[in-house]
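Following: one structure in structure tokens, then a few remarks.
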Amino acid sequence: IENDTVYALAGRNMFFDGGMRLVLLDPVTGKKISETVLDEKDPATGKNLQTLIVAKYMPVANDDVLSSDGERVYMQEQNFSMEGKRIGVAPTLPAGKKNAASGQKGKRHLFCQTGFLDDVWFHRSYLTYAEDCGEGWGAYAGTRNSNPSGRTMVLDDTRAYAFRSSPLGNMLQPRTTYSLYAADKDPVAPLPRPQARKKGQGRRNEVQEKGVSIGGHKVHWQKSSLPLLVNAMALAGKNLFVAGPPDVADETKMLGYLPGADDEINRQLKAQDDAWRGKRGGLLWAVSADNGNRLAEYKIDSVPVSDGMSVAEGKVFISLIDGSVVCFEKK
């Protein structure tokens, strides 16, 4: 609901079963204000959306939970006007690639390339506060290194708080460590577009996070080597609440490892799998949004569902994978 209007989306994909419908309703009466068909046709030209594909850059066609900043409505990278019309249907392309279609530039907003409900933790998919996400085969790393991004993420007026995997290159088996951090939502200067490689030029090495900036975004604090994997987060004033299963395995030592019958690495992997499935309980931390310092720690019986935490009226609510809901209050 935004600006006294309900934005409701029906359907699965723009290519299936006649596409999708974005309907605007009066929240009091239910009266329909408008209905926009979202199908396989480019609304500007009438041509099939597949004519806009360049290399592996494709238009958004899947549904998702809608979001809004009061100026636009968003479905993953896809921007809509407040009247429900698609803005910038063609995918955003890096320098050196020609885009056959014209359209308005996307706005920075919080989204996930594979949807807000994706809980798989695939290393090429993440939450990000950005204009676009590139494409998933290789450009995912550039977007992640140029914008506040993370496995889970919340925003206030000026900052983004996220749980970030690092380092992360274009690898099938990344050596993964995690950091909880706070960074400015907007860069101090316009972010440069990546330059196209010249013929014969080798691949660029990914610029690794140094703890002082992400792209042009100032990092205010960063906490690494935490004993939990944060898969749920909520912000209440100056308190940042994070929760998740305990982190009991050192993934940096496991790349290229060939398992044996009984060894320490196998025990760590089994323990981490059990923890991820809630068999070792979970942890809830209250963290200072100003400096990242831990204020309190509580044990919970299971682990949160992905992004399964909210705050309201001085209470913290967590939906757990065992089917229960737990509530914490000030006392």
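To be explicit about the labels: the chains of the structure tokens are called A, B, and onward in the order shown, and within each one the residues are counted from 1, while ligands get numbers from 1 in the order they are shown.
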
Show which residues sit within 12 Å of Asn48 of chain A, as an mmCIF file with all heavy atoms, in the first residue's frame. Count only C-alpha atoms, and ignore same-chain residues fewer than 5 positions away.
```cif
data_model
loop_
_atom_site.group_PDB
_atom_site.id
_atom_site.type_symbol
_atom_site.label_atom_id
_atom_site.label_comp_id
_atom_site.auth_asym_id
_atom_site.auth_seq_id
_atom_site.Cartn_x
_atom_site.Cartn_y
_atom_site.Cartn_z
ATOM 1 N N MET A 14 5.799 -13.277 -17.045
ATOM 2 C CA MET A 14 5.254 -12.532 -18.176
ATOM 3 C C MET A 14 5.046 -13.400 -19.419
ATOM 4 O O MET A 14 4.308 -13.015 -20.328
ATOM 5 C CB MET A 14 6.157 -11.342 -18.502
ATOM 6 C CG MET A 14 6.184 -10.282 -17.409
ATOM 7 S SD MET A 14 7.087 -8.809 -17.903
ATOM 8 C CE MET A 14 7.186 -7.931 -16.346
ATOM 9 N N PHE A 15 5.686 -14.569 -19.475
ATOM 10 C CA PHE A 15 5.581 -15.423 -20.653
ATOM 11 C C PHE A 15 4.532 -16.531 -20.507
ATOM 12 O O PHE A 15 4.220 -17.207 -21.473
ATOM 13 C CB PHE A 15 6.940 -16.064 -20.960
ATOM 14 C CG PHE A 15 7.960 -15.100 -21.492
ATOM 15 C CD1 PHE A 15 8.883 -14.513 -20.648
ATOM 16 C CD2 PHE A 15 8.001 -14.768 -22.840
ATOM 17 C CE1 PHE A 15 9.828 -13.622 -21.127
ATOM 18 C CE2 PHE A 15 8.940 -13.874 -23.329
ATOM 19 C CZ PHE A 15 9.856 -13.306 -22.477
ATOM 20 N N LEU A 38 0.986 -7.234 -17.890
ATOM 21 C CA LEU A 38 2.432 -7.449 -17.964
ATOM 22 C C LEU A 38 2.648 -8.770 -18.696
ATOM 23 O O LEU A 38 2.559 -9.841 -18.092
ATOM 24 C CB LEU A 38 3.043 -7.504 -16.569
ATOM 25 C CG LEU A 38 2.707 -6.354 -15.619
ATOM 26 C CD1 LEU A 38 3.287 -6.623 -14.236
ATOM 27 C CD2 LEU A 38 3.230 -5.036 -16.164
ATOM 28 N N ASP A 39 2.895 -8.695 -19.992
ATOM 29 C CA ASP A 39 3.077 -9.927 -20.756
ATOM 30 C C ASP A 39 4.383 -9.878 -21.536
ATOM 31 O O ASP A 39 5.254 -9.045 -21.263
ATOM 32 C CB ASP A 39 1.878 -10.171 -21.675
ATOM 33 C CG ASP A 39 1.639 -9.042 -22.673
ATOM 34 O OD1 ASP A 39 2.560 -8.217 -22.887
ATOM 35 O OD2 ASP A 39 0.548 -8.973 -23.248
ATOM 36 N N GLU A 40 4.526 -10.779 -22.503
ATOM 37 C CA GLU A 40 5.798 -10.923 -23.219
ATOM 38 C C GLU A 40 6.051 -9.817 -24.243
ATOM 39 O O GLU A 40 7.084 -9.815 -24.910
ATOM 40 C CB GLU A 40 5.844 -12.280 -23.928
ATOM 41 C CG GLU A 40 4.983 -12.402 -25.178
ATOM 42 C CD GLU A 40 3.516 -12.684 -24.894
ATOM 43 O OE1 GLU A 40 3.147 -12.688 -23.702
ATOM 44 O OE2 GLU A 40 2.754 -12.904 -25.857
ATOM 45 N N LYS A 41 5.170 -8.835 -24.335
ATOM 46 C CA LYS A 41 5.334 -7.767 -25.318
ATOM 47 C C LYS A 41 5.956 -6.519 -24.685
ATOM 48 O O LYS A 41 5.589 -6.122 -23.580
ATOM 49 C CB LYS A 41 3.986 -7.401 -25.941
ATOM 50 C CG LYS A 41 3.353 -8.524 -26.751
ATOM 51 C CD LYS A 41 2.017 -8.107 -27.309
ATOM 52 C CE LYS A 41 1.374 -9.242 -28.098
ATOM 53 N NZ LYS A 41 0.031 -8.845 -28.615
ATOM 54 N N ASP A 42 6.883 -5.904 -25.400
ATOM 55 C CA ASP A 42 7.444 -4.620 -25.004
ATOM 56 C C ASP A 42 6.349 -3.572 -25.173
ATOM 57 O O ASP A 42 5.864 -3.359 -26.285
ATOM 58 C CB ASP A 42 8.651 -4.296 -25.894
ATOM 59 C CG ASP A 42 9.295 -2.954 -25.557
ATOM 60 O OD1 ASP A 42 8.747 -2.214 -24.722
ATOM 61 O OD2 ASP A 42 10.345 -2.640 -26.153
ATOM 62 N N PRO A 43 5.927 -2.910 -24.083
ATOM 63 C CA PRO A 43 4.815 -1.957 -24.207
ATOM 64 C C PRO A 43 5.135 -0.788 -25.127
ATOM 65 O O PRO A 43 4.217 -0.136 -25.638
ATOM 66 C CB PRO A 43 4.581 -1.484 -22.768
ATOM 67 C CG PRO A 43 5.852 -1.780 -22.049
ATOM 68 C CD PRO A 43 6.418 -2.993 -22.696
ATOM 69 N N ILE A 53 16.891 -9.027 -25.438
ATOM 70 C CA ILE A 53 17.998 -9.757 -24.830
ATOM 71 C C ILE A 53 19.298 -9.410 -25.548
ATOM 72 O O ILE A 53 19.373 -9.435 -26.774
ATOM 73 C CB ILE A 53 17.757 -11.276 -24.898
ATOM 74 C CG1 ILE A 53 16.532 -11.645 -24.051
ATOM 75 C CG2 ILE A 53 18.994 -12.045 -24.414
ATOM 76 C CD1 ILE A 53 16.141 -13.110 -24.162
ATOM 77 N N MET A 58 18.808 -9.889 -19.723
ATOM 78 C CA MET A 58 17.418 -10.116 -20.095
ATOM 79 C C MET A 58 16.487 -9.212 -19.301
ATOM 80 O O MET A 58 16.793 -8.832 -18.171
ATOM 81 C CB MET A 58 17.038 -11.575 -19.815
ATOM 82 C CG MET A 58 17.928 -12.594 -20.495
ATOM 83 S SD MET A 58 17.436 -14.287 -20.076
ATOM 84 C CE MET A 58 18.735 -15.214 -20.911
ATOM 85 N N PRO A 59 15.327 -8.885 -19.861
ATOM 86 C CA PRO A 59 14.337 -8.116 -19.101
ATOM 87 C C PRO A 59 13.793 -8.933 -17.938
ATOM 88 O O PRO A 59 13.798 -10.163 -17.960
ATOM 89 C CB PRO A 59 13.230 -7.839 -20.132
ATOM 90 C CG PRO A 59 13.843 -8.109 -21.455
ATOM 91 C CD PRO A 59 14.896 -9.134 -21.242
ATOM 92 N N ALA A 61 11.086 -10.793 -15.947
ATOM 93 C CA ALA A 61 9.841 -11.430 -16.359
ATOM 94 C C ALA A 61 9.175 -12.193 -15.223
ATOM 95 O O ALA A 61 8.017 -12.574 -15.345
ATOM 96 C CB ALA A 61 10.085 -12.382 -17.536
ATOM 97 N N VAL A 89 11.965 -1.105 -19.569
ATOM 98 C CA VAL A 89 11.721 -2.532 -19.761
ATOM 99 C C VAL A 89 12.996 -3.265 -20.176
ATOM 100 O O VAL A 89 13.277 -4.372 -19.723
ATOM 101 C CB VAL A 89 10.619 -2.760 -20.807
ATOM 102 C CG1 VAL A 89 10.421 -4.248 -21.071
ATOM 103 C CG2 VAL A 89 9.318 -2.120 -20.343
ATOM 104 N N ALA A 90 13.791 -2.646 -21.036
ATOM 105 C CA ALA A 90 15.025 -3.275 -21.504
ATOM 106 C C ALA A 90 16.019 -3.405 -20.358
ATOM 107 O O ALA A 90 16.062 -2.559 -19.464
ATOM 108 C CB ALA A 90 15.635 -2.458 -22.642
ATOM 109 N N ALA A 101 16.686 -0.870 -27.140
ATOM 110 C CA ALA A 101 15.488 -0.159 -26.694
ATOM 111 C C ALA A 101 15.871 1.000 -25.798
ATOM 112 O O ALA A 101 16.896 1.000 -25.134
ATOM 113 C CB ALA A 101 14.563 -1.113 -25.943
#
```

If we count only C-alpha atoms and set the cut-off at 9 Å, which residues sit around Tyr161 of chain A, ignoring sequence neighbours fewer than 5 positions away in its own chain? Please answer as a ChimeraX atom specification.
/A:148-150,152-156,180-184,233,235,240,289

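Comparing A:Leu229, A:Val305, A:Ala312, A:Ala130 by their smallest distance to Val325 of chain A, the closest is A:Val305 (using only C-alpha atoms).
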
Within 7 Å of Asp64 of chain A, counting only C-alpha atoms, which residues show up once you throw out same-chain ones fewer than 4 positions away? Write them as a VMD selection string, please.
chain A and resid 75 to 76 115 to 116

Pull N, CA, C and O atoms from the residues just selected and write them as a PDB file, in the first residue's frame.
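So part_17.pdb came out as:
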```pdb
ATOM      1  N   MET A  75       9.549  -4.357  -8.764  1.00  0.00           N
ATOM      2  CA  MET A  75       9.436  -5.810  -8.807  1.00  0.00           C
ATOM      3  C   MET A  75      10.792  -6.327  -9.277  1.00  0.00           C
ATOM      4  O   MET A  75      11.099  -6.313 -10.463  1.00  0.00           O
ATOM      5  N   GLN A  76      11.637  -6.718  -8.298  1.00  0.00           N
ATOM      6  CA  GLN A  76      13.051  -6.991  -8.574  1.00  0.00           C
ATOM      7  C   GLN A  76      13.668  -5.733  -9.211  1.00  0.00           C
ATOM      8  O   GLN A  76      13.499  -4.634  -8.697  1.00  0.00           O
ATOM      9  N   GLY A 115      14.444 -12.677  -6.311  1.00  0.00           N
ATOM     10  CA  GLY A 115      13.227 -12.463  -5.547  1.00  0.00           C
ATOM     11  C   GLY A 115      13.444 -12.433  -4.048  1.00  0.00           C
ATOM     12  O   GLY A 115      14.332 -13.091  -3.512  1.00  0.00           O
ATOM     13  N   PHE A 116      12.620 -11.650  -3.354  1.00  0.00           N
ATOM     14  CA  PHE A 116      12.729 -11.496  -1.906  1.00  0.00           C
ATOM     15  C   PHE A 116      12.519 -12.818  -1.161  1.00  0.00           C
ATOM     16  O   PHE A 116      12.975 -12.968  -0.032  1.00  0.00           O
TER      17      PHE A 116
END
```

Who sits within 9 Å of Arg277 of chain A, only C-alpha atoms, same chain under 2 positions skipped, as a CSV table (one decimal) with C-alpha atoms, in the first residue's frame:
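Written output follows (part_7.csv):
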```
chain,number,residue,atom,x,y,z
A,245,PRO,CA,22.1,-20.4,13.1
A,272,GLN,CA,27.1,-26.9,10.1
A,273,ASP,CA,24.4,-28.8,8.2
A,274,ASP,CA,22.7,-29.7,11.4
A,275,ALA,CA,22.9,-26.0,12.6
A,279,LYS,CA,19.2,-28.8,15.2
A,280,ARG,CA,21.6,-26.7,17.3
A,281,GLY,CA,19.2,-23.9,18.0
A,302,SER,CA,15.4,-23.1,16.3
A,303,VAL,CA,16.6,-20.7,13.5
A,321,ILE,CA,11.7,-23.0,10.7
```
